[in-house]
$ cat query33.cif   # mmCIF, C-alpha atoms and all ligand atoms
data_target
#
loop_
_atom_site.label_atom_id
_atom_site.label_comp_id
_atom_site.auth_asym_id
_atom_site.auth_seq_id
_atom_site.Cartn_x
_atom_site.Cartn_y
_atom_site.Cartn_z
CA MET G 1 23.13 13.46 -158.51
CA SER G 2 20.76 13.26 -155.58
CA GLU G 3 19.68 16.40 -153.76
CA GLU G 4 20.22 14.81 -150.36
CA LEU G 5 22.88 16.19 -148.06
CA LEU G 6 23.43 12.80 -146.56
CA GLN G 7 22.69 9.62 -148.47
CA VAL G 8 23.13 6.24 -146.81
CA ASP G 9 22.79 3.13 -148.96
CA GLY G 10 22.92 -0.49 -147.84
CA LEU G 11 24.85 0.40 -144.68
CA ARG G 12 25.84 -2.71 -142.76
CA VAL G 13 27.89 -2.91 -139.57
CA ASP G 14 28.98 -5.92 -137.57
CA PHE G 15 31.54 -6.39 -134.85
CA GLY G 16 32.90 -9.79 -135.81
CA ARG G 17 31.51 -12.96 -137.23
CA ARG G 18 30.17 -14.42 -134.02
CA ARG G 19 28.14 -11.35 -133.18
CA ARG G 20 24.74 -10.31 -134.41
CA VAL G 21 24.75 -7.76 -137.21
CA ALA G 22 24.36 -4.35 -135.51
CA VAL G 23 23.10 -2.49 -138.59
CA ASP G 24 21.67 -4.54 -141.43
CA SER G 25 21.63 -2.99 -144.91
CA ILE G 26 19.78 0.22 -144.17
CA SER G 27 19.22 3.08 -146.61
CA PHE G 28 17.99 6.61 -146.03
CA GLY G 29 18.63 10.18 -147.05
CA VAL G 30 18.50 13.55 -145.29
CA GLY G 31 17.81 16.62 -147.44
CA PRO G 32 18.76 20.22 -146.66
CA GLY G 33 16.86 21.54 -143.64
CA GLU G 34 15.04 18.24 -143.18
CA ARG G 35 14.61 16.63 -139.77
CA LEU G 36 14.68 12.88 -139.70
CA GLY G 37 14.04 10.90 -136.53
CA LEU G 38 15.48 7.46 -135.84
CA ILE G 39 13.78 5.51 -133.09
CA GLY G 40 14.03 2.00 -131.71
CA GLU G 41 14.62 0.05 -128.53
CA SER G 42 17.94 -0.15 -126.75
CA GLY G 43 20.43 -2.14 -128.81
CA SER G 44 18.51 -1.74 -132.08
CA GLY G 45 21.48 -0.08 -133.82
CA LYS G 46 20.70 3.64 -133.64
CA SER G 47 23.99 4.84 -132.21
CA VAL G 48 26.01 2.50 -134.41
CA THR G 49 24.25 4.06 -137.41
CA ALA G 50 25.18 7.58 -136.26
CA LEU G 51 28.76 6.59 -135.46
CA ALA G 52 29.13 4.90 -138.85
CA VAL G 53 27.97 8.07 -140.61
CA MET G 54 30.50 10.13 -138.69
CA GLY G 55 33.36 7.68 -139.04
CA LEU G 56 33.61 7.22 -135.29
CA LEU G 57 33.19 3.46 -134.95
CA PRO G 58 35.99 1.53 -133.22
CA ASP G 59 38.47 -0.50 -135.28
CA ASN G 60 36.71 -3.82 -134.61
CA ALA G 61 33.66 -2.64 -136.59
CA HIS G 62 33.21 -3.94 -140.14
CA VAL G 63 31.37 -1.38 -142.20
CA SER G 64 30.05 -1.85 -145.73
CA GLY G 65 27.60 -0.10 -148.02
CA SER G 66 27.90 3.58 -148.75
CA VAL G 67 27.60 6.87 -146.91
CA ALA G 68 27.72 9.96 -149.09
CA TRP G 69 27.87 13.59 -148.05
CA ARG G 70 26.84 15.93 -150.88
CA GLY G 71 27.66 13.09 -153.23
CA GLN G 72 31.11 12.49 -151.75
CA ASP G 73 31.86 9.04 -150.33
CA LEU G 74 32.59 9.29 -146.60
CA LEU G 75 33.58 5.73 -145.81
CA GLY G 76 36.76 6.17 -147.85
CA LEU G 77 37.89 9.42 -146.20
CA SER G 78 40.99 9.57 -144.01
CA ASP G 79 40.56 10.31 -140.31
CA LYS G 80 41.90 13.78 -140.91
CA GLU G 81 39.50 14.58 -143.75
CA MET G 82 36.63 13.12 -141.76
CA SER G 83 37.42 15.15 -138.67
CA ARG G 84 37.51 18.31 -140.78
CA LEU G 85 34.02 17.53 -142.06
CA ARG G 86 32.70 16.83 -138.58
CA GLY G 87 32.57 20.01 -136.64
CA ALA G 88 32.53 22.18 -139.77
CA GLN G 89 29.65 20.71 -141.79
CA ILE G 90 28.23 18.05 -139.50
CA GLY G 91 27.67 18.86 -135.82
CA MET G 92 26.99 16.28 -133.14
CA VAL G 93 25.30 16.22 -129.76
CA PHE G 94 25.48 13.10 -127.63
CA GLN G 95 23.69 11.91 -124.56
CA GLU G 96 26.30 12.31 -121.87
CA PRO G 97 27.16 15.99 -121.47
CA MET G 98 29.60 15.28 -118.65
CA THR G 99 31.73 13.03 -120.83
CA ALA G 100 31.48 15.28 -123.90
CA LEU G 101 32.54 18.38 -121.97
CA ASP G 102 36.02 18.82 -120.53
CA PRO G 103 35.54 19.29 -116.77
CA THR G 104 38.76 21.31 -116.45
CA MET G 105 37.94 23.95 -119.04
CA LYS G 106 35.53 26.87 -118.89
CA VAL G 107 32.49 26.43 -121.11
CA GLY G 108 33.16 29.54 -123.20
CA ARG G 109 36.63 28.33 -124.08
CA GLN G 110 35.30 24.93 -125.08
CA VAL G 111 32.79 26.50 -127.44
CA ALA G 112 35.54 28.79 -128.79
CA GLU G 113 37.80 25.79 -129.42
CA SER G 114 35.20 24.15 -131.61
CA LEU G 115 34.83 27.41 -133.53
CA ARG G 116 36.59 27.54 -136.89
CA LEU G 117 36.80 31.17 -137.85
CA HIS G 118 38.49 32.60 -140.90
CA ASP G 119 39.24 35.80 -139.10
CA SER G 120 39.86 34.41 -135.66
CA SER G 121 40.59 37.42 -133.48
CA ALA G 122 39.93 36.74 -129.80
CA ALA G 123 37.26 39.45 -129.72
CA SER G 124 35.28 38.10 -132.66
CA ALA G 125 35.52 34.56 -131.29
CA ARG G 126 34.24 35.73 -127.91
CA HIS G 127 31.42 37.56 -129.63
CA ALA G 128 30.41 34.49 -131.67
CA VAL G 129 30.55 32.27 -128.58
CA LEU G 130 28.35 34.54 -126.47
CA GLU G 131 25.88 34.93 -129.30
CA MET G 132 25.64 31.15 -129.74
CA LEU G 133 25.22 30.55 -125.99
CA GLY G 134 22.36 33.08 -126.04
CA GLN G 135 20.81 31.42 -129.08
CA VAL G 136 20.57 28.03 -127.36
CA GLY G 137 18.61 29.66 -124.56
CA LEU G 138 21.26 30.17 -121.91
CA PRO G 139 20.02 33.28 -120.09
CA GLU G 140 23.35 34.77 -118.99
CA PRO G 141 25.82 33.89 -121.73
CA ARG G 142 28.70 35.73 -120.06
CA ARG G 143 28.29 33.94 -116.77
CA VAL G 144 27.88 30.58 -118.50
CA ALA G 145 30.98 31.17 -120.65
CA ASP G 146 33.02 31.78 -117.51
CA SER G 147 31.69 28.69 -115.71
CA TYR G 148 33.08 25.19 -115.54
CA PRO G 149 30.72 22.37 -116.64
CA HIS G 150 30.04 21.22 -113.06
CA GLN G 151 28.74 24.70 -112.23
CA LEU G 152 25.90 24.27 -114.72
CA SER G 153 22.69 22.25 -114.48
CA GLY G 154 22.15 19.18 -116.68
CA GLY G 155 19.90 21.12 -119.03
CA GLN G 156 22.41 23.98 -119.25
CA ARG G 157 25.22 21.56 -120.03
CA GLN G 158 23.15 20.02 -122.82
CA ARG G 159 22.51 23.53 -124.18
CA ALA G 160 26.24 24.25 -124.03
CA LEU G 161 26.85 21.10 -126.10
CA MET G 162 24.28 22.26 -128.60
CA ALA G 163 26.16 25.57 -128.82
CA MET G 164 29.43 23.73 -129.49
CA ALA G 165 27.79 21.64 -132.20
CA LEU G 166 26.09 24.59 -133.89
CA VAL G 167 28.69 27.35 -133.59
CA ASN G 168 30.17 26.59 -137.03
CA ASN G 169 26.77 26.70 -138.67
CA PRO G 170 26.77 23.06 -139.80
CA ASP G 171 24.37 21.86 -142.51
CA LEU G 172 23.49 18.77 -140.50
CA LEU G 173 23.21 18.20 -136.78
CA ILE G 174 23.27 14.62 -135.51
CA CYS G 175 21.70 14.25 -132.07
CA ASP G 176 21.90 10.94 -130.22
CA GLU G 177 19.51 10.90 -127.25
CA PRO G 178 20.36 14.54 -126.51
CA THR G 179 17.77 14.96 -123.76
CA THR G 180 17.36 11.45 -122.35
CA ALA G 181 19.27 12.19 -119.15
CA LEU G 182 17.08 15.21 -118.34
CA ASP G 183 13.85 15.30 -116.40
CA VAL G 184 10.66 15.70 -118.41
CA THR G 185 10.08 19.44 -118.09
CA VAL G 186 13.72 20.34 -118.72
CA GLN G 187 13.70 17.90 -121.63
CA ALA G 188 10.64 19.57 -123.17
CA ARG G 189 12.25 23.01 -122.90
CA VAL G 190 15.55 21.88 -124.40
CA LEU G 191 13.67 20.23 -127.28
CA ALA G 192 11.70 23.41 -127.89
CA THR G 193 14.97 25.34 -128.08
CA LEU G 194 16.47 22.79 -130.46
CA ASP G 195 13.41 23.16 -132.66
CA GLU G 196 13.83 26.98 -132.73
CA VAL G 197 17.57 26.92 -133.25
CA LEU G 198 17.33 24.45 -136.15
CA ASP G 199 14.77 26.77 -137.75
CA ALA G 200 16.95 29.80 -137.16
CA VAL G 201 20.13 28.32 -138.62
CA GLY G 202 18.34 26.21 -141.26
CA ALA G 203 20.28 23.06 -140.40
CA ALA G 204 19.04 19.56 -141.16
CA CYS G 205 18.90 17.08 -138.29
CA LEU G 206 19.20 13.36 -137.74
CA PHE G 207 17.64 12.90 -134.33
CA ILE G 208 17.98 9.63 -132.43
CA SER G 209 15.87 8.60 -129.47
CA HIS G 210 14.18 5.53 -128.05
CA ASP G 211 11.17 7.76 -127.36
CA LEU G 212 8.67 8.35 -130.14
CA GLY G 213 7.18 11.34 -128.32
CA VAL G 214 10.54 13.09 -128.14
CA VAL G 215 11.31 12.47 -131.80
CA SER G 216 7.84 13.68 -132.79
CA GLN G 217 8.48 17.05 -131.26
CA VAL G 218 11.46 17.75 -133.49
CA CYS G 219 11.16 15.67 -136.68
CA ASP G 220 9.21 15.81 -139.95
CA ARG G 221 9.87 12.17 -140.76
CA ILE G 222 10.49 9.10 -138.63
CA MET G 223 12.31 5.83 -139.24
CA VAL G 224 11.80 2.90 -136.89
CA MET G 225 14.71 0.56 -136.27
CA ARG G 226 14.56 -2.95 -134.87
CA HIS G 227 17.41 -5.47 -134.63
CA GLY G 228 19.47 -3.35 -137.03
CA GLU G 229 16.78 -3.04 -139.69
CA LEU G 230 14.44 -0.23 -140.62
CA VAL G 231 10.97 -1.70 -140.17
CA GLU G 232 8.86 1.39 -140.79
CA ARG G 233 9.25 4.95 -142.02
CA GLY G 234 6.99 7.83 -142.86
CA ALA G 235 5.88 11.37 -142.10
CA THR G 236 5.73 11.92 -138.32
CA ALA G 237 1.99 12.63 -138.22
CA GLU G 238 1.31 9.55 -140.36
CA VAL G 239 3.40 7.23 -138.19
CA LEU G 240 1.70 8.55 -135.05
CA ARG G 241 -1.76 8.34 -136.55
CA ALA G 242 -1.49 4.96 -138.22
CA PRO G 243 1.59 2.95 -137.26
CA ARG G 244 1.83 -0.10 -139.52
CA HIS G 245 4.33 -2.31 -137.75
CA PRO G 246 3.36 -3.91 -134.40
CA TYR G 247 6.74 -2.87 -133.03
CA THR G 248 5.98 0.78 -133.87
CA ARG G 249 2.62 0.42 -132.11
CA ARG G 250 4.44 -0.83 -129.06
CA LEU G 251 6.83 2.12 -129.12
CA LEU G 252 3.87 4.45 -129.54
CA SER G 253 2.11 3.12 -126.47
CA ALA G 254 5.31 3.58 -124.46
CA ALA G 255 5.94 7.10 -125.78
CA ARG G 256 5.65 10.27 -123.80
CA LEU G 257 2.95 11.88 -125.83
CA ASP G 258 2.80 14.75 -123.35
CA LEU G 259 5.81 15.99 -125.31
CA VAL G 260 4.06 15.95 -128.66
CA GLU G 261 3.01 19.34 -130.04
CA PRO G 262 -0.67 20.19 -129.50
CA GLY G 263 -1.35 20.18 -133.29
CA ARG G 264 -0.03 16.69 -133.62
CA MET G 265 -1.99 15.50 -130.58
CA ILE G 266 -5.22 16.53 -132.27
CA GLU G 267 -4.36 14.50 -135.35
CA LEU G 268 -3.69 11.61 -133.05
CA GLU G 269 -7.01 11.96 -131.24
CA ASP G 270 -8.82 12.07 -134.57
CA ALA G 271 -7.46 8.68 -135.42
N1 LIG B 1 31.97 -1.32 -129.97
C1 LIG B 1 31.12 -2.36 -130.05
N2 LIG B 1 31.56 -3.63 -130.05
C2 LIG B 1 30.70 -4.67 -130.16
N3 LIG B 1 29.37 -4.55 -130.27
C3 LIG B 1 28.86 -3.29 -130.28
C4 LIG B 1 29.70 -2.14 -130.17
N4 LIG B 1 28.92 -1.02 -130.20
C5 LIG B 1 27.65 -1.48 -130.33
N5 LIG B 1 27.61 -2.83 -130.38
C6 LIG B 1 26.40 -3.65 -130.54
O1 LIG B 1 25.65 -3.17 -131.63
C7 LIG B 1 24.25 -3.24 -131.36
C8 LIG B 1 23.60 -1.89 -131.57
O2 LIG B 1 24.07 -0.99 -130.56
P1 LIG B 1 23.67 0.55 -130.51
O3 LIG B 1 24.59 1.20 -129.55
O4 LIG B 1 23.63 1.10 -131.90
O5 LIG B 1 22.19 0.50 -129.94
P2 LIG B 1 21.21 1.73 -129.69
O6 LIG B 1 20.02 1.51 -130.56
O7 LIG B 1 21.92 3.01 -129.83
O8 LIG B 1 20.75 1.48 -128.17
P3 LIG B 1 20.52 2.53 -126.96
O9 LIG B 1 19.10 3.01 -127.12
O10 LIG B 1 20.69 1.72 -125.75
O11 LIG B 1 21.53 3.63 -127.08
C9 LIG B 1 24.13 -3.78 -129.94
O12 LIG B 1 23.87 -5.16 -130.02
C10 LIG B 1 25.48 -3.52 -129.33
O13 LIG B 1 25.80 -4.47 -128.36
MG MG B 2 22.44 4.52 -128.50
#

$ encode --input "query33.cif" --output "structure tokens"
Amino acid sequence: MSEELLQVDGLRVDFGRRRRVAVDSISFGVGPGERLGLIGESGSGKSVTALAVMGLLPDNAHVSGSVAWRGQDLLGLSDKEMSRLRGAQIGMVFQEPMTALDPTMKVGRQVAESLRLHDSSAASARHAVLEMLGQVGLPEPRRVADSYPHQLSGGQRQRALMAMALVNNPDLLICDEPTTALDVTVQARVLATLDEVLDAVGAACLFISHDLGVVSQVCDRIMVMRHGELVERGATAEVLRAPRHPYTRRLLSAARLDLVEPGRMIELEDA
């Protein structure tokens, strides 16, 4: 048995015979507490990969290969079993906070609704929600809990989504472009919080972005995707220092390296 939490082998996704293969026989694993980045240009297959892992692809998707969670095959699970696993053991944060949040419901209630407590008294739920909102760096958890999504800033909404995804203490958090819609300084602060929170809760992370700089701030390892294939992978510092594939070099020159941690910048300058 492998020690990986998540093990993907030969995953392939297409949306019908006439269309290009969206994900072409990719394999990777994520171990406990590990942070794996997936980067690539728009349309390279990053989101389809994440959606395939979570069983959220639409019906017109043809999926083959295997996706295992702690050794258990996920592609064969029913929708009900899969939805139990999401939320409880695998949390997710997506790019569009306004579509992921219900505009008609106060933020605290939305976090509480994703909470799966054994002893679910209202008081203990409220306590857990406020604690989680504080942990993702929202300065006034009570006020935030009693706000509607439109009353929060973009960065605050993204933090609220992180709270929803992490409130059940998942073993793996899947983030798909979680900060892309934010301006650079807000983005950097949200990423710093994500880094801290992942450390604090010990969760593993599969982090998707088109931006190598963003991924570098959070991840230990990086995989580079192009036209549905993984063209390069390695330790973050290694990939930054000596990218092998020309495509990776291109992504590197387009990256926001102002977001890279100072320690990693030095390694880069040494190169
Ligand atoms: N529901 C769908 N039906 C048909 N084709 C799809 C569907 N979803 C994705 N695709 C196709 O699969 C390919 C990969 O898309 P995907 O969304 O994974 O890209 P991405 O790497 O996440 O890009 P971005 O950085 O823009 O989010 C694209 O060619 C896309 O058009
Ligand atoms: Mg995407």

$ closest_residue --input "query33.cif" --among "G:Ala50, G:Ala61, G:Val201, G:Ile39" --to "G:Thr248" --atoms "only C-alpha atoms"
G:Ile39

$ atom_distance --input "query33.cif" --atom1 "atom CA of G:Leu133" --atom2 "atom CA of G:Gly91"
15.5 Å

$ closest_residue --input "query33.cif" --among "G:Ala22, G:Leu194, G:Val214, G:Leu138" --to "ligand MG 2 (chain B)" --atoms "all atoms listed in the file"
G:Ala22

$ atom_distance --input "query33.cif" --atom1 "atom CA of G:Arg18" --atom2 "atom CA of G:Ile208"
27.0 Å

$ closest_atom_pairs --input "query33.cif" --of "chain G" --to "ligand LIG 1 (chain B)" --cutoff "10 Å" --atoms "all atoms listed in the file" --output "JSON lines"
{"residue": "G:Val13", "atom": "CA", "partner": "B:LIG1", "partner_atom": "O1", "distance": 8.3}
{"residue": "G:Asp14", "atom": "CA", "partner": "B:LIG1", "partner_atom": "O1", "distance": 7.3}
{"residue": "G:Phe15", "atom": "CA", "partner": "B:LIG1", "partner_atom": "C2", "distance": 5.1}
{"residue": "G:Gly16", "atom": "CA", "partner": "B:LIG1", "partner_atom": "C2", "distance": 7.9}
{"residue": "G:Arg19", "atom": "CA", "partner": "B:LIG1", "partner_atom": "N3", "distance": 7.5}
{"residue": "G:Arg20", "atom": "CA", "partner": "B:LIG1", "partner_atom": "O12", "distance": 6.8}
{"residue": "G:Val21", "atom": "CA", "partner": "B:LIG1", "partner_atom": "O1", "distance": 7.3}
{"residue": "G:Ala22", "atom": "CA", "partner": "B:LIG1", "partner_atom": "O1", "distance": 4.3}
{"residue": "G:Val23", "atom": "CA", "partner": "B:LIG1", "partner_atom": "C8", "distance": 7.1}
{"residue": "G:Leu38", "atom": "CA", "partner": "B:LIG1", "partner_atom": "O6", "distance": 9.2}
{"residue": "G:Ile39", "atom": "CA", "partner": "B:LIG1", "partner_atom": "O6", "distance": 7.8}
{"residue": "G:Gly40", "atom": "CA", "partner": "B:LIG1", "partner_atom": "O6", "distance": 6.1}
{"residue": "G:Glu41", "atom": "CA", "partner": "B:LIG1", "partner_atom": "O9", "distance": 5.6}
{"residue": "G:Ser42", "atom": "CA", "partner": "B:LIG1", "partner_atom": "O9", "distance": 3.4}
{"residue": "G:Gly43", "atom": "CA", "partner": "B:LIG1", "partner_atom": "O5", "distance": 3.4}
{"residue": "G:Ser44", "atom": "CA", "partner": "B:LIG1", "partner_atom": "O6", "distance": 3.9}
{"residue": "G:Gly45", "atom": "CA", "partner": "B:LIG1", "partner_atom": "O4", "distance": 3.1}
{"residue": "G:Lys46", "atom": "CA", "partner": "B:LIG1", "partner_atom": "O6", "distance": 3.8}
{"residue": "G:Ser47", "atom": "CA", "partner": "B:LIG1", "partner_atom": "O7", "distance": 3.6}
{"residue": "G:Val48", "atom": "CA", "partner": "B:LIG1", "partner_atom": "O4", "distance": 3.7}
{"residue": "G:Thr49", "atom": "CA", "partner": "B:LIG1", "partner_atom": "O4", "distance": 6.3}
{"residue": "G:Ala50", "atom": "CA", "partner": "B:LIG1", "partner_atom": "O4", "distance": 8.0}
{"residue": "G:Leu51", "atom": "CA", "partner": "B:LIG1", "partner_atom": "O4", "distance": 8.3}
{"residue": "G:Ala52", "atom": "CA", "partner": "B:LIG1", "partner_atom": "O4", "distance": 9.6}
{"residue": "G:Leu57", "atom": "CA", "partner": "B:LIG1", "partner_atom": "N1", "distance": 7.0}
{"residue": "G:Pro58", "atom": "CA", "partner": "B:LIG1", "partner_atom": "N1", "distance": 5.9}
{"residue": "G:Asp59", "atom": "CA", "partner": "B:LIG1", "partner_atom": "N1", "distance": 8.4}
{"residue": "G:Asn60", "atom": "CA", "partner": "B:LIG1", "partner_atom": "N2", "distance": 6.9}
{"residue": "G:Ala61", "atom": "CA", "partner": "B:LIG1", "partner_atom": "N2", "distance": 6.9}
{"residue": "G:Gln95", "atom": "CA", "partner": "B:LIG1", "partner_atom": "O11", "distance": 8.9}
{"residue": "G:Asp176", "atom": "CA", "partner": "B:LIG1", "partner_atom": "O7", "distance": 7.9}
{"residue": "G:Glu177", "atom": "CA", "partner": "B:LIG1", "partner_atom": "O11", "distance": 7.5}
{"residue": "G:Thr180", "atom": "CA", "partner": "B:LIG1", "partner_atom": "O9", "distance": 9.8}
{"residue": "G:Ile208", "atom": "CA", "partner": "B:LIG1", "partner_atom": "O7", "distance": 8.1}
{"residue": "G:Ser209", "atom": "CA", "partner": "B:LIG1", "partner_atom": "O9", "distance": 6.9}
{"residue": "G:His210", "atom": "CA", "partner": "B:LIG1", "partner_atom": "O9", "distance": 5.6}
{"residue": "G:Asp211", "atom": "CA", "partner": "B:LIG1", "partner_atom": "O9", "distance": 9.2}
{"residue": "G:Met225", "atom": "CA", "partner": "B:LIG1", "partner_atom": "O6", "distance": 7.9}
{"residue": "G:Arg226", "atom": "CA", "partner": "B:LIG1", "partner_atom": "O6", "distance": 8.3}
{"residue": "G:His227", "atom": "CA", "partner": "B:LIG1", "partner_atom": "C8", "distance": 7.8}
{"residue": "G:Gly228", "atom": "CA", "partner": "B:LIG1", "partner_atom": "C8", "distance": 7.0}

$ write_last_selection --input "query33.cif" --atoms "C-alpha atoms" --output "PDB file, keeping the file's coordinate frame"
ATOM      1  CA  VAL G  13      27.890  -2.910-139.570  1.00  0.00           C
ATOM      2  CA  ASP G  14      28.980  -5.920-137.570  1.00  0.00           C
ATOM      3  CA  PHE G  15      31.540  -6.390-134.850  1.00  0.00           C
ATOM      4  CA  GLY G  16      32.900  -9.790-135.810  1.00  0.00           C
ATOM      5  CA  ARG G  19      28.140 -11.350-133.180  1.00  0.00           C
ATOM      6  CA  ARG G  20      24.740 -10.310-134.410  1.00  0.00           C
ATOM      7  CA  VAL G  21      24.750  -7.760-137.210  1.00  0.00           C
ATOM      8  CA  ALA G  22      24.360  -4.350-135.510  1.00  0.00           C
ATOM      9  CA  VAL G  23      23.100  -2.490-138.590  1.00  0.00           C
ATOM     10  CA  LEU G  38      15.480   7.460-135.840  1.00  0.00           C
ATOM     11  CA  ILE G  39      13.780   5.510-133.090  1.00  0.00           C
ATOM     12  CA  GLY G  40      14.030   2.000-131.710  1.00  0.00           C
ATOM     13  CA  GLU G  41      14.620   0.050-128.530  1.00  0.00           C
ATOM     14  CA  SER G  42      17.940  -0.150-126.750  1.00  0.00           C
ATOM     15  CA  GLY G  43      20.430  -2.140-128.810  1.00  0.00           C
ATOM     16  CA  SER G  44      18.510  -1.740-132.080  1.00  0.00           C
ATOM     17  CA  GLY G  45      21.480  -0.080-133.820  1.00  0.00           C
ATOM     18  CA  LYS G  46      20.700   3.640-133.640  1.00  0.00           C
ATOM     19  CA  SER G  47      23.990   4.840-132.210  1.00  0.00           C
ATOM     20  CA  VAL G  48      26.010   2.500-134.410  1.00  0.00           C
ATOM     21  CA  THR G  49      24.250   4.060-137.410  1.00  0.00           C
ATOM     22  CA  ALA G  50      25.180   7.580-136.260  1.00  0.00           C
ATOM     23  CA  LEU G  51      28.760   6.590-135.460  1.00  0.00           C
ATOM     24  CA  ALA G  52      29.130   4.900-138.850  1.00  0.00           C
ATOM     25  CA  LEU G  57      33.190   3.460-134.950  1.00  0.00           C
ATOM     26  CA  PRO G  58      35.990   1.530-133.220  1.00  0.00           C
ATOM     27  CA  ASP G  59      38.470  -0.500-135.280  1.00  0.00           C
ATOM     28  CA  ASN G  60      36.710  -3.820-134.610  1.00  0.00           C
ATOM     29  CA  ALA G  61      33.660  -2.640-136.590  1.00  0.00           C
ATOM     30  CA  GLN G  95      23.690  11.910-124.560  1.00  0.00           C
ATOM     31  CA  ASP G 176      21.900  10.940-130.220  1.00  0.00           C
ATOM     32  CA  GLU G 177      19.510  10.900-127.250  1.00  0.00           C
ATOM     33  CA  THR G 180      17.360  11.450-122.350  1.00  0.00           C
ATOM     34  CA  ILE G 208      17.980   9.630-132.430  1.00  0.00           C
ATOM     35  CA  SER G 209      15.870   8.600-129.470  1.00  0.00           C
ATOM     36  CA  HIS G 210      14.180   5.530-128.050  1.00  0.00           C
ATOM     37  CA  ASP G 211      11.170   7.760-127.360  1.00  0.00           C
ATOM     38  CA  MET G 225      14.710   0.560-136.270  1.00  0.00           C
ATOM     39  CA  ARG G 226      14.560  -2.950-134.870  1.00  0.00           C
ATOM     40  CA  HIS G 227      17.410  -5.470-134.630  1.00  0.00           C
ATOM     41  CA  GLY G 228      19.470  -3.350-137.030  1.00  0.00           C
TER      42      GLY G 228
END

$ residues_near_point --input "query33.cif" --point "(18.3, 15.1, -144.8)" --cutoff "12 Å" --atoms "only C-alpha atoms" --output "ChimeraX atom specification"
/G:2-8,28-37,68-70,90,171-174,202-207,219-222
